[in-house]
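Reviewing the structure listed below.
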Number of protein chains: 2
Amino acid sequence: MRLTVLAGGIGGSTFLRGLLTARPDAEITVIGNTADDITLFGLRVCPDLDTVMYTLGGGISKERGWGREDESWVIKEELAAYKMEPTWFGLGDRDVATHLVRTQMLDAGYSLTAVTEALCTRWDLPVRLLPMSDDRVETHVVTDDPDQPGGRKAIHFQEYWVRLHAEVPAHQIVAVGQEKAKPAPGVLDAIADCDVLLLPPSNPVVSVGTILGVPGIRDAVRETAAPVIGLSPIIGTGPVRGMADKVLAAVGVESTAAAVAEYYGSRASGGVLDGWLVDTSDAIQLHSIVAAGIHAQAVPLWMTDETTTAAMADAALNLAEAVRR
Amino acid sequence: MRLTVLAGGIGGSTFLRGLLTARPDAEITVIGNTADDITLFGLRVCPDLDTVMYTLGGGISKERGWGREDESWVIKEELAAYKMEPTWFGLGDRDVATHLVRTQMLDAGYSLTAVTEALCTRWDLPVRLLPMSDDRVETHVVTDDPDQPGGRKAIHFQEYWVRLHAEVPAHQIVAVGQEKAKPAPGVLDAIADCDVLLLPPSNPVVSVGTILGVPGIRDAVRETAAPVIGLSPIIGTGPVRGMADKVLAAVGVESTAAAVAEYYGSRASGGVLDGWLVDTSDAIQLHSIVAAGIHAQAVPLWMTDETTTAAMADAALNLAEAVRR
């Protein structure tokens, strides 16, 4: 069974672990979000790709959910001693080695796709991990400009999320460079030639939304013969994790499972979804989702352990069979 | 008192510590060798400048004489796990932070002089440290080519020294790029406007020799009004430290204190030395050094502790006063 998954960072990775438990023999391609990528101290950092790689490769910090297990922070301490900015991004020593390899290979002219493949070789990854694009796309968040009353400024998504903890108003989300980006080699084929396409409970705006926004990807999702099944990243009115509620507000979408389903839209009416899973506590919203032309089902969506997460993945694949045309 | 010192790595740094003990109030400018510099994993590494900086800034590993005290090696381990070459160069984690700062500033367009000044700010250095040049000069060693019987190939000095431990024949020493290099800002003035110019017991070929080889520097040394005093890096027939004997052989110079003095040459006859200190055990060579037109004196030159090293520095400055014209 060939499965393709459009994934952000922690939510996507956690879901993927469940999926691998539910379907250990599936041939899985992960299309990772690269619009959170940032260059820090000259190092090219790809947080979402690395979270997938470390999680599925067994190197992730279980406590933090990002970065490496058994991490040390000597470099961070030294950079601070040199008064280097920014100090708010957590670059662990083991993690820095990954970025050194990546940066050196990119500087040597390799594509991010090739670099990601090379990095994943070490981790003996049970999936094929592709960046959404080899071109630079960068999510910026338009916030209030603290230096100019009434003014606004765009900051890198990492500054909004890691430095400011999404605690300032987000007025607009801009994926800089997206309109000129091309899907990375293999991405469109992985969408066209899979048995099921899954949208895990990743951020619908800055993760899955950004992937879909790369010219050509949304159309490929609309046109694939495979059922497209999503899992709600919102339970009740809050995100499973992260700041999806804040960035949904910035794009004018309510923070509910049903509103996100409608934001993605039904494939029958030009959107990307055939089916949508909501949490059991949101079962009351099923009616309106179905009314929007999307098959829907309520199952437990808190990814508290691998068994629950595998059950979610299983439910998504069962829903795919049910909607398969 | 203004003192200018042309320094390599460990030998130069150890001597400088003695000099600071002997003359704590002196205004010292160090012109550092940059031809050992190397780019590894995209990081610009300046071993000699860093050894001076870490030694005088209190950050040096006392045990190794290079790199940082309280160092960890996580990055090195991770790079090896990614099968990145080379594995023979010891890049510690704390050290990597220095190289990250340097590389980022160089990439941003700052000169090595500006970068070195910025790095030294953190270390509150009791001397002014200048690279010999902002241009790239790289010492290569011509050795036998193991892949081609009878053939030869040039390898980077670090590969010759750190990987091969100078255990292969060195046929020739080439300072790539030297002929086009310009002295860094401040270098010629520091040579012209000092009270004494010192050549510490650094390597006469690949450290001090390379500095002197930057067009303009040797002439400035010949022309300065300050006495120029050197200290022999050879005691008996061996180097105080390192592989000076091997690279001296490559340039056709015998490994003795007198031969090195003649290699530098007397200022009176177009060389760079006014005075030369040899170890007491080499006192028998004083006669031939003096015959070559160089003031000479025998004092203990093993830099075993700071008191001995300070006494060496003191002897060098006393000899400077004796030869001052």
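Chain identifiers are assigned as A, B, and so on, following the order in which chains appear in the structure tokens; residues are numbered from 1 within each chain, and ligands are numbered from 1 in order of appearance.
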
Quick one: which residues from chain B are at most 12 Å off chain A, using only C-alpha atoms, as a tab-separated table (two decimals) with all heavy atoms, in the first residue's frame?
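Resulting contents of iface_13.tsv:
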```
chain	number	residue	atom	x	y	z
B	39	THR	N	39.04	25.56	5.65
B	39	THR	CA	37.58	25.52	5.70
B	39	THR	C	37.15	24.07	5.86
B	39	THR	O	37.46	23.23	5.02
B	39	THR	CB	36.98	26.14	4.42
B	39	THR	OG1	37.39	27.51	4.34
B	39	THR	CG2	35.45	26.10	4.47
B	40	LEU	N	36.48	23.79	6.94
B	40	LEU	CA	36.03	22.42	7.23
B	40	LEU	C	34.53	22.45	7.51
B	40	LEU	O	34.07	23.23	8.35
B	40	LEU	CB	36.74	21.89	8.48
B	40	LEU	CG	38.24	21.58	8.34
B	40	LEU	CD1	38.84	21.33	9.72
B	40	LEU	CD2	38.45	20.37	7.45
B	41	PHE	N	33.78	21.62	6.81
B	41	PHE	CA	32.33	21.57	6.99
B	41	PHE	C	31.71	22.96	6.80
B	41	PHE	O	30.75	23.32	7.47
B	41	PHE	CB	31.98	21.00	8.37
B	41	PHE	CG	32.73	19.74	8.68
B	41	PHE	CD1	33.73	19.71	9.65
B	41	PHE	CD2	32.46	18.57	7.98
B	41	PHE	CE1	34.45	18.56	9.90
B	41	PHE	CE2	33.16	17.41	8.23
B	41	PHE	CZ	34.16	17.40	9.20
B	42	GLY	N	32.34	23.74	5.90
B	42	GLY	CA	31.83	25.08	5.64
B	42	GLY	C	32.23	26.11	6.67
B	42	GLY	O	31.87	27.28	6.56
B	43	LEU	N	32.99	25.69	7.67
B	43	LEU	CA	33.40	26.60	8.74
B	43	LEU	C	34.82	27.09	8.49
B	43	LEU	O	35.71	26.28	8.18
B	43	LEU	CB	33.36	25.89	10.09
B	43	LEU	CG	32.00	25.38	10.55
B	43	LEU	CD1	32.15	24.50	11.78
B	43	LEU	CD2	31.09	26.57	10.85
B	44	ARG	N	35.05	28.37	8.62
B	44	ARG	CA	36.39	28.91	8.45
B	44	ARG	C	37.13	28.80	9.78
B	44	ARG	O	36.75	29.41	10.78
B	44	ARG	CB	36.31	30.36	7.98
B	44	ARG	CG	37.64	30.91	7.50
B	44	ARG	CD	38.11	30.23	6.24
B	44	ARG	NE	39.43	30.67	5.81
B	44	ARG	CZ	40.23	29.93	5.06
B	44	ARG	NH1	39.86	28.74	4.63
B	44	ARG	NH2	41.41	30.40	4.71
B	59	GLY	N	41.00	30.79	27.59
B	59	GLY	CA	40.07	29.74	27.19
B	59	GLY	C	40.75	28.49	26.65
B	59	GLY	O	40.08	27.53	26.27
B	68	ARG	N	39.66	24.49	23.08
B	68	ARG	CA	39.10	25.03	24.31
B	68	ARG	C	39.21	24.10	25.51
B	68	ARG	O	39.14	22.88	25.37
B	68	ARG	CB	37.62	25.37	24.08
B	68	ARG	CG	37.36	26.43	23.02
B	68	ARG	CD	37.75	27.79	23.53
B	68	ARG	NE	37.10	28.04	24.82
B	68	ARG	CZ	35.85	28.44	24.95
B	68	ARG	NH1	35.14	28.68	23.90
B	68	ARG	NH2	35.32	28.61	26.14
B	70	ASP	N	37.63	22.48	28.82
B	70	ASP	CA	36.28	22.02	29.11
B	70	ASP	C	35.50	21.81	27.79
B	70	ASP	O	34.35	22.21	27.67
B	70	ASP	CB	35.57	23.05	30.01
B	70	ASP	CG	34.24	22.53	30.55
B	70	ASP	OD1	34.08	21.31	30.62
B	70	ASP	OD2	33.37	23.36	30.87
B	71	GLU	N	36.19	21.20	26.84
B	71	GLU	CA	35.61	21.03	25.51
B	71	GLU	C	34.77	19.74	25.46
B	71	GLU	O	35.00	18.79	26.22
B	71	GLU	CB	36.75	20.97	24.48
B	71	GLU	CG	36.31	20.92	23.02
B	71	GLU	CD	35.46	22.11	22.60
B	71	GLU	OE1	34.30	22.18	23.04
B	71	GLU	OE2	35.95	22.96	21.82
B	72	SER	N	33.79	19.72	24.58
B	72	SER	CA	33.03	18.49	24.32
B	72	SER	C	33.10	18.22	22.81
B	72	SER	O	33.46	19.09	22.03
B	72	SER	CB	31.58	18.64	24.81
B	72	SER	OG	30.97	19.76	24.21
B	73	TRP	N	32.76	17.01	22.41
B	73	TRP	CA	33.03	16.56	21.04
B	73	TRP	C	31.81	15.94	20.39
B	73	TRP	O	31.91	15.02	19.57
B	73	TRP	CB	34.21	15.56	21.06
B	73	TRP	CG	35.39	16.16	21.71
B	73	TRP	CD1	35.72	16.11	23.04
B	73	TRP	CD2	36.40	16.97	21.08
B	73	TRP	NE1	36.87	16.84	23.27
B	73	TRP	CE2	37.31	17.37	22.09
B	73	TRP	CE3	36.62	17.39	19.76
B	73	TRP	CZ2	38.41	18.17	21.81
B	73	TRP	CZ3	37.73	18.19	19.50
B	73	TRP	CH2	38.61	18.57	20.51
B	74	VAL	N	30.65	16.48	20.72
B	74	VAL	CA	29.38	15.96	20.21
B	74	VAL	C	29.27	16.15	18.69
B	74	VAL	O	28.87	15.25	17.96
B	74	VAL	CB	28.21	16.66	20.95
B	74	VAL	CG1	26.91	16.48	20.21
B	74	VAL	CG2	28.11	16.12	22.37
B	75	ILE	N	29.64	17.33	18.22
B	75	ILE	CA	29.54	17.64	16.79
B	75	ILE	C	30.41	16.69	15.99
B	75	ILE	O	29.99	16.16	14.94
B	75	ILE	CB	30.01	19.08	16.53
B	75	ILE	CG1	29.16	20.06	17.32
B	75	ILE	CG2	30.05	19.38	15.05
B	75	ILE	CD1	28.18	20.82	16.53
B	76	LYS	N	31.61	16.47	16.46
B	76	LYS	CA	32.56	15.58	15.77
B	76	LYS	C	31.97	14.17	15.65
B	76	LYS	O	32.01	13.55	14.58
B	76	LYS	CB	33.87	15.55	16.57
B	76	LYS	CG	35.04	14.88	15.90
B	76	LYS	CD	36.31	15.16	16.72
B	76	LYS	CE	37.40	14.13	16.48
B	76	LYS	NZ	37.95	14.17	15.12
B	77	GLU	N	31.37	13.73	16.73
B	77	GLU	CA	30.74	12.41	16.78
B	77	GLU	C	29.56	12.34	15.79
B	77	GLU	O	29.39	11.36	15.05
B	77	GLU	CB	30.26	12.23	18.22
B	77	GLU	CG	29.56	10.98	18.61
B	77	GLU	CD	28.95	11.15	20.02
B	77	GLU	OE1	29.66	11.62	20.95
B	77	GLU	OE2	27.76	10.86	20.19
B	78	GLU	N	28.77	13.40	15.76
B	78	GLU	CA	27.61	13.44	14.87
B	78	GLU	C	28.04	13.50	13.40
B	78	GLU	O	27.45	12.84	12.54
B	78	GLU	CB	26.74	14.66	15.17
B	78	GLU	CG	25.99	14.57	16.50
B	78	GLU	CD	24.86	13.55	16.46
B	78	GLU	OE1	24.22	13.41	15.40
B	78	GLU	OE2	24.63	12.90	17.48
B	79	LEU	N	29.05	14.31	13.11
B	79	LEU	CA	29.52	14.41	11.73
B	79	LEU	C	30.04	13.06	11.26
B	79	LEU	O	29.82	12.65	10.12
B	79	LEU	CB	30.61	15.49	11.61
B	79	LEU	CG	30.13	16.93	11.77
B	79	LEU	CD1	31.32	17.90	11.83
B	79	LEU	CD2	29.19	17.34	10.63
B	80	ALA	N	30.70	12.33	12.16
B	80	ALA	CA	31.18	10.99	11.81
B	80	ALA	C	29.99	10.07	11.55
B	80	ALA	O	30.02	9.25	10.63
B	80	ALA	CB	32.08	10.45	12.92
B	81	ALA	N	28.92	10.22	12.35
B	81	ALA	CA	27.73	9.39	12.15
B	81	ALA	C	27.09	9.67	10.79
B	81	ALA	O	26.49	8.79	10.18
B	81	ALA	CB	26.72	9.63	13.27
B	82	TYR	N	27.24	10.92	10.32
B	82	TYR	CA	26.75	11.26	8.97
B	82	TYR	C	27.78	10.90	7.90
B	82	TYR	O	27.62	11.25	6.74
B	82	TYR	CB	26.43	12.76	8.87
B	82	TYR	CG	25.09	13.16	9.45
B	82	TYR	CD1	24.99	14.00	10.54
B	82	TYR	CD2	23.90	12.69	8.88
B	82	TYR	CE1	23.76	14.37	11.07
B	82	TYR	CE2	22.67	13.06	9.39
B	82	TYR	CZ	22.60	13.90	10.49
B	82	TYR	OH	21.39	14.27	11.00
B	83	LYS	N	28.88	10.25	8.33
B	83	LYS	CA	29.97	9.84	7.43
B	83	LYS	C	30.60	11.02	6.70
B	83	LYS	O	30.98	10.93	5.53
B	83	LYS	CB	29.49	8.78	6.42
B	83	LYS	CG	28.91	7.53	7.08
B	83	LYS	CD	29.01	6.32	6.19
B	83	LYS	CE	28.30	5.11	6.79
B	83	LYS	NZ	28.85	4.76	8.13
B	84	MET	N	30.70	12.15	7.38
B	84	MET	CA	31.31	13.33	6.78
B	84	MET	C	32.82	13.27	6.95
B	84	MET	O	33.33	12.95	8.02
B	84	MET	CB	30.77	14.60	7.46
B	84	MET	CG	29.32	14.87	7.19
B	84	MET	SD	28.96	15.27	5.46
B	84	MET	CE	29.44	17.01	5.42
B	85	GLU	N	33.50	13.62	5.89
B	85	GLU	CA	34.97	13.73	5.92
B	85	GLU	C	35.34	15.20	6.00
B	85	GLU	O	34.60	16.04	5.50
B	85	GLU	CB	35.55	13.11	4.64
B	85	GLU	CG	35.31	11.63	4.48
B	85	GLU	CD	36.17	10.79	5.40
B	85	GLU	OE1	37.17	11.33	5.93
B	85	GLU	OE2	35.84	9.61	5.61
B	91	LEU	N	37.51	19.19	15.79
B	91	LEU	CA	36.63	20.35	15.96
B	91	LEU	C	35.76	20.15	17.19
B	91	LEU	O	34.77	19.43	17.14
B	91	LEU	CB	35.73	20.51	14.74
B	91	LEU	CG	36.22	21.30	13.54
B	91	LEU	CD1	35.10	21.45	12.54
B	91	LEU	CD2	36.78	22.65	13.92
B	92	GLY	N	36.14	20.77	18.29
B	92	GLY	CA	35.33	20.68	19.50
B	92	GLY	C	34.10	21.56	19.41
B	92	GLY	O	34.02	22.46	18.58
B	93	ASP	N	33.13	21.29	20.26
B	93	ASP	CA	31.86	22.02	20.20
B	93	ASP	C	32.04	23.51	20.51
B	93	ASP	O	31.50	24.36	19.81
B	93	ASP	CB	30.84	21.40	21.17
B	93	ASP	CG	30.59	19.94	20.86
B	93	ASP	OD1	30.70	19.56	19.68
B	93	ASP	OD2	30.28	19.17	21.79
B	94	ARG	N	32.79	23.81	21.59
B	94	ARG	CA	32.99	25.23	21.93
B	94	ARG	C	33.72	25.94	20.80
B	94	ARG	O	33.39	27.07	20.42
B	94	ARG	CB	33.80	25.36	23.23
B	94	ARG	CG	33.04	24.92	24.44
B	94	ARG	CD	33.74	25.29	25.75
B	94	ARG	NE	33.06	24.61	26.84
B	94	ARG	CZ	31.92	25.02	27.36
B	94	ARG	NH1	31.35	26.13	26.93
B	94	ARG	NH2	31.34	24.33	28.32
B	95	ASP	N	34.71	25.26	20.27
B	95	ASP	CA	35.50	25.78	19.17
B	95	ASP	C	34.61	26.06	17.95
B	95	ASP	O	34.76	27.09	17.29
B	95	ASP	CB	36.58	24.74	18.85
B	95	ASP	CG	37.76	25.33	18.10
B	95	ASP	OD1	38.02	26.53	18.24
B	95	ASP	OD2	38.42	24.56	17.38
B	96	VAL	N	33.69	25.16	17.67
B	96	VAL	CA	32.80	25.32	16.52
B	96	VAL	C	32.03	26.64	16.61
B	96	VAL	O	31.82	27.32	15.60
B	96	VAL	CB	31.82	24.12	16.39
B	96	VAL	CG1	30.63	24.48	15.51
B	96	VAL	CG2	32.55	22.91	15.82
B	97	ALA	N	31.66	27.03	17.81
B	97	ALA	CA	30.92	28.28	17.97
B	97	ALA	C	31.76	29.46	17.48
B	97	ALA	O	31.25	30.36	16.80
B	97	ALA	CB	30.50	28.48	19.43
B	98	THR	N	33.04	29.46	17.80
B	98	THR	CA	33.94	30.51	17.31
B	98	THR	C	33.94	30.52	15.79
B	98	THR	O	33.85	31.58	15.16
B	98	THR	CB	35.38	30.26	17.82
B	98	THR	OG1	35.37	30.31	19.25
B	98	THR	CG2	36.35	31.29	17.29
B	99	HIS	N	34.02	29.34	15.19
B	99	HIS	CA	34.07	29.27	13.73
B	99	HIS	C	32.74	29.67	13.10
B	99	HIS	O	32.72	30.23	12.00
B	99	HIS	CB	34.46	27.86	13.27
B	99	HIS	CG	35.68	27.34	13.97
B	99	HIS	ND1	36.76	28.14	14.26
B	99	HIS	CD2	35.98	26.12	14.48
B	99	HIS	CE1	37.67	27.42	14.89
B	99	HIS	NE2	37.22	26.20	15.03
B	100	LEU	N	31.65	29.39	13.78
B	100	LEU	CA	30.34	29.82	13.28
B	100	LEU	C	30.27	31.34	13.25
B	100	LEU	O	29.80	31.93	12.27
B	100	LEU	CB	29.21	29.28	14.17
B	100	LEU	CG	28.74	27.85	13.89
B	100	LEU	CD1	27.79	27.40	14.99
B	100	LEU	CD2	28.06	27.77	12.53
B	101	VAL	N	30.72	31.98	14.31
B	101	VAL	CA	30.70	33.44	14.36
B	101	VAL	C	31.58	33.99	13.24
B	101	VAL	O	31.18	34.86	12.47
B	101	VAL	CB	31.19	33.96	15.73
B	101	VAL	CG1	31.23	35.48	15.72
B	101	VAL	CG2	30.29	33.46	16.86
B	102	ARG	N	32.78	33.43	13.13
B	102	ARG	CA	33.73	33.92	12.11
B	102	ARG	C	33.17	33.74	10.71
B	102	ARG	O	33.18	34.67	9.90
B	102	ARG	CB	35.06	33.17	12.24
B	102	ARG	CG	36.04	33.53	11.13
B	102	ARG	CD	37.31	32.67	11.20
B	102	ARG	NE	38.05	32.94	12.39
B	102	ARG	CZ	38.36	32.04	13.32
B	102	ARG	NH1	37.97	30.79	13.18
B	102	ARG	NH2	39.03	32.38	14.39
B	103	THR	N	32.67	32.55	10.42
B	103	THR	CA	32.19	32.25	9.08
B	103	THR	C	31.02	33.15	8.71
B	103	THR	O	30.94	33.68	7.60
B	103	THR	CB	31.78	30.77	8.99
B	103	THR	OG1	32.89	29.97	9.43
B	103	THR	CG2	31.40	30.38	7.57
B	104	GLN	N	30.13	33.33	9.68
B	104	GLN	CA	28.97	34.17	9.41
B	104	GLN	C	29.40	35.61	9.12
B	104	GLN	O	28.89	36.24	8.19
B	104	GLN	CB	28.02	34.12	10.61
B	104	GLN	CG	26.66	34.68	10.29
B	104	GLN	CD	25.74	34.71	11.50
B	104	GLN	OE1	26.15	34.37	12.62
B	104	GLN	NE2	24.51	35.11	11.29
B	105	MET	N	30.35	36.12	9.90
B	105	MET	CA	30.80	37.50	9.68
B	105	MET	C	31.56	37.63	8.36
B	105	MET	O	31.39	38.60	7.62
B	105	MET	CB	31.68	37.96	10.85
B	105	MET	CG	30.89	38.22	12.13
B	105	MET	SD	31.92	39.00	13.44
B	105	MET	CE	32.16	40.66	12.74
B	106	LEU	N	32.40	36.65	8.05
B	106	LEU	CA	33.12	36.69	6.76
B	106	LEU	C	32.13	36.65	5.60
B	106	LEU	O	32.25	37.42	4.64
B	106	LEU	CB	34.10	35.51	6.65
B	106	LEU	CG	35.35	35.56	7.54
B	106	LEU	CD1	36.10	34.22	7.46
B	106	LEU	CD2	36.28	36.71	7.16
B	107	ASP	N	31.12	35.77	5.72
B	107	ASP	CA	30.11	35.68	4.66
B	107	ASP	C	29.34	36.98	4.52
B	107	ASP	O	28.85	37.31	3.44
B	107	ASP	CB	29.13	34.53	4.94
B	107	ASP	CG	29.76	33.17	4.67
B	107	ASP	OD1	30.85	33.13	4.08
B	107	ASP	OD2	29.17	32.15	5.07
B	108	ALA	N	29.21	37.70	5.63
B	108	ALA	CA	28.49	38.98	5.59
B	108	ALA	C	29.37	40.09	5.03
B	108	ALA	O	28.92	41.22	4.88
B	108	ALA	CB	27.99	39.35	6.99
B	115	VAL	N	36.71	40.61	11.88
B	115	VAL	CA	36.15	39.45	12.56
B	115	VAL	C	37.02	39.09	13.77
B	115	VAL	O	36.50	38.81	14.86
B	115	VAL	CB	36.08	38.25	11.60
B	115	VAL	CG1	35.64	37.00	12.33
B	115	VAL	CG2	35.15	38.55	10.43
B	116	THR	N	38.33	39.12	13.56
B	116	THR	CA	39.25	38.76	14.64
B	116	THR	C	39.10	39.74	15.80
B	116	THR	O	39.08	39.35	16.98
B	116	THR	CB	40.70	38.75	14.11
B	116	THR	OG1	40.75	37.85	12.99
B	116	THR	CG2	41.68	38.30	15.17
B	117	GLU	N	38.98	41.02	15.47
B	117	GLU	CA	38.79	42.02	16.51
B	117	GLU	C	37.49	41.75	17.29
B	117	GLU	O	37.45	41.83	18.51
B	117	GLU	CB	38.76	43.42	15.89
B	117	GLU	CG	38.76	44.53	16.92
B	117	GLU	CD	38.67	45.92	16.29
B	117	GLU	OE1	38.81	46.04	15.05
B	117	GLU	OE2	38.43	46.88	17.05
B	118	ALA	N	36.43	41.42	16.54
B	118	ALA	CA	35.14	41.16	17.19
B	118	ALA	C	35.24	39.94	18.12
B	118	ALA	O	34.77	39.97	19.25
B	118	ALA	CB	34.07	40.94	16.12
B	119	LEU	N	35.86	38.88	17.63
B	119	LEU	CA	36.00	37.67	18.45
B	119	LEU	C	36.81	37.98	19.71
B	119	LEU	O	36.48	37.53	20.81
B	119	LEU	CB	36.68	36.56	17.64
B	119	LEU	CG	35.86	35.93	16.51
B	119	LEU	CD1	36.73	35.00	15.67
B	119	LEU	CD2	34.66	35.15	17.07
B	120	CYS	N	37.88	38.76	19.53
B	120	CYS	CA	38.77	39.04	20.67
B	120	CYS	C	38.09	39.89	21.73
B	120	CYS	O	38.49	39.86	22.90
B	120	CYS	CB	40.05	39.73	20.18
B	120	CYS	SG	41.15	38.60	19.31
B	121	THR	N	37.08	40.65	21.33
B	121	THR	CA	36.35	41.48	22.30
B	121	THR	C	35.80	40.61	23.43
B	121	THR	O	35.89	40.95	24.60
B	121	THR	CB	35.17	42.20	21.59
B	121	THR	OG1	35.71	42.95	20.53
B	121	THR	CG2	34.42	43.11	22.55
B	122	ARG	N	35.24	39.47	23.05
B	122	ARG	CA	34.70	38.59	24.07
B	122	ARG	C	35.78	38.16	25.06
B	122	ARG	O	35.52	38.01	26.25
B	122	ARG	CB	34.11	37.33	23.42
B	122	ARG	CG	33.82	36.29	24.47
B	122	ARG	CD	33.51	34.93	23.91
B	122	ARG	NE	33.49	33.95	24.98
B	122	ARG	CZ	33.26	32.67	24.80
B	122	ARG	NH1	32.98	32.22	23.61
B	122	ARG	NH2	33.29	31.84	25.82
B	123	TRP	N	36.98	37.92	24.54
B	123	TRP	CA	38.05	37.34	25.36
B	123	TRP	C	38.84	38.40	26.10
B	123	TRP	O	39.76	38.08	26.84
B	123	TRP	CB	38.97	36.47	24.48
B	123	TRP	CG	38.25	35.29	23.94
B	123	TRP	CD1	37.73	35.14	22.68
B	123	TRP	CD2	37.92	34.08	24.63
B	123	TRP	NE1	37.12	33.93	22.55
B	123	TRP	CE2	37.23	33.25	23.74
B	123	TRP	CE3	38.16	33.62	25.94
B	123	TRP	CZ2	36.74	31.99	24.09
B	123	TRP	CZ3	37.69	32.36	26.29
B	123	TRP	CH2	36.99	31.57	25.37
B	124	ASP	N	38.49	39.66	25.88
B	124	ASP	CA	39.14	40.74	26.61
B	124	ASP	C	40.66	40.59	26.51
B	124	ASP	O	41.36	40.58	27.53
B	124	ASP	CB	38.67	40.69	28.06
B	124	ASP	CG	38.89	42.03	28.75
B	124	ASP	OD1	39.12	43.02	28.03
B	124	ASP	OD2	38.84	42.07	29.99
```

To test your reading of the structure, identify every residue in segment 103-283 of chain B that backbone DSSP assigns to strand (DSSP E), and report it as number ranges by chain.
B: 128-131, 138-144, 152-156, 172-176, 196-199, 228-231, 234-235, 238-239, 275-278

Do a neighbour search on Ala244 of chain A at 10 Å with only C-alpha atoms, toss out local chain neighbours closer than 3 positions, and write the hits as number ranges by chain.
A: 166, 202-207, 233-234, 238-241, 247-250, 255

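If you measure from each of B:Glu321, B:Asp135, B:Glu262, B:Asp193 to Glu27 of chain B using only C-alpha atoms, the closest one turns out to be B:Asp193.
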
Considering only C-alpha atoms, return as a PyMOL selection string whatever protein or nucleic-acid residues lie within 12 Å of Phe157 of chain B, sequence-local ones (same chain, fewer than 5 positions apart) excluded.
chain B and resi 34-38+47+89+137-143+162-166+170+172-176+205-207+243+247

What parts of segment 2-204 of chain A does DSSP call alpha helix (DSSP H)? I'd like the answer as a ChimeraX atom specification.
/A:10-22,47-57,74-81,93-107,112-123,157-158,187-192

Can you list, as a VMD selection string, every protein, DNA or RNA residue that comes within 12 Å of His287 of chain A when you count only C-alpha atoms, leaving out same-chain residues fewer than 3 positions away?
chain A and resid 257 to 258 261 276 278 282 to 284 290 to 298

All residues 8 Å or closer to Ile191 of chain B, only C-alpha atoms, same chain fewer than 3 positions away omitted, as a VMD selection string:
chain B and resid 4 187 to 188 194 197 220 to 221 224

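Proximity to Met1 of chain B was assessed for B:Thr29, B:Thr237, B:Thr113, B:Ser266 counting only C-alpha atoms; the smallest distance is recorded for B:Thr29.
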
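Using only C-alpha atoms, the contacts of segment 62-66 of chain B at a cut-off of 10 Å, with sequence neighbours closer than 5 positions omitted, comprise Gly9, Ile10, Gly11, Ser13, Thr14, Pro47, Asp48, Asp50, Thr51, Val52, Tyr54, Thr55, Gly90 and Asp95 of chain B.
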
Just-selected residues, N, CA and C atoms written as a short mmCIF file (atom, residue, chain, number, x, y, z; two decimals), in the first residue's frame:
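Saved as again16.cif:
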```cif
data_model
loop_
_atom_site.label_atom_id
_atom_site.label_comp_id
_atom_site.auth_asym_id
_atom_site.auth_seq_id
_atom_site.Cartn_x
_atom_site.Cartn_y
_atom_site.Cartn_z
N GLY B 9 51.21 29.40 16.24
CA GLY B 9 50.19 28.94 17.18
C GLY B 9 50.68 28.73 18.60
N ILE B 10 50.95 27.47 18.93
CA ILE B 10 51.21 27.13 20.33
C ILE B 10 52.51 27.77 20.85
N GLY B 11 53.60 27.67 20.06
CA GLY B 11 54.88 28.24 20.50
C GLY B 11 54.76 29.75 20.70
N SER B 13 52.07 31.51 21.23
CA SER B 13 51.16 31.84 22.33
C SER B 13 51.82 31.64 23.68
N THR B 14 52.58 30.56 23.81
CA THR B 14 53.26 30.29 25.07
C THR B 14 54.26 31.41 25.35
N PRO B 47 43.44 28.24 12.98
CA PRO B 47 44.05 27.61 14.15
C PRO B 47 45.03 28.51 14.91
N ASP B 48 45.88 29.22 14.18
CA ASP B 48 46.89 30.01 14.89
C ASP B 48 46.28 31.22 15.59
N ASP B 50 43.31 31.48 16.65
CA ASP B 50 42.49 31.01 17.77
C ASP B 50 43.36 30.54 18.94
N THR B 51 44.49 29.94 18.61
CA THR B 51 45.37 29.50 19.70
C THR B 51 45.87 30.71 20.48
N VAL B 52 46.23 31.77 19.77
CA VAL B 52 46.65 33.00 20.46
C VAL B 52 45.48 33.55 21.29
N TYR B 54 42.64 32.08 22.39
CA TYR B 54 42.22 31.25 23.52
C TYR B 54 43.29 31.26 24.62
N THR B 55 44.57 31.23 24.22
CA THR B 55 45.63 31.18 25.23
C THR B 55 45.64 32.47 26.05
N GLY B 90 40.28 17.88 14.77
CA GLY B 90 39.55 17.96 16.04
C GLY B 90 38.77 19.23 16.21
N ASP B 95 34.71 25.26 20.27
CA ASP B 95 35.50 25.78 19.17
C ASP B 95 34.61 26.06 17.95
#
```

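Here atom CA of Leu129 of chain B is placed at a distance of 16.0 Å from atom CA of Ile217 of chain B.
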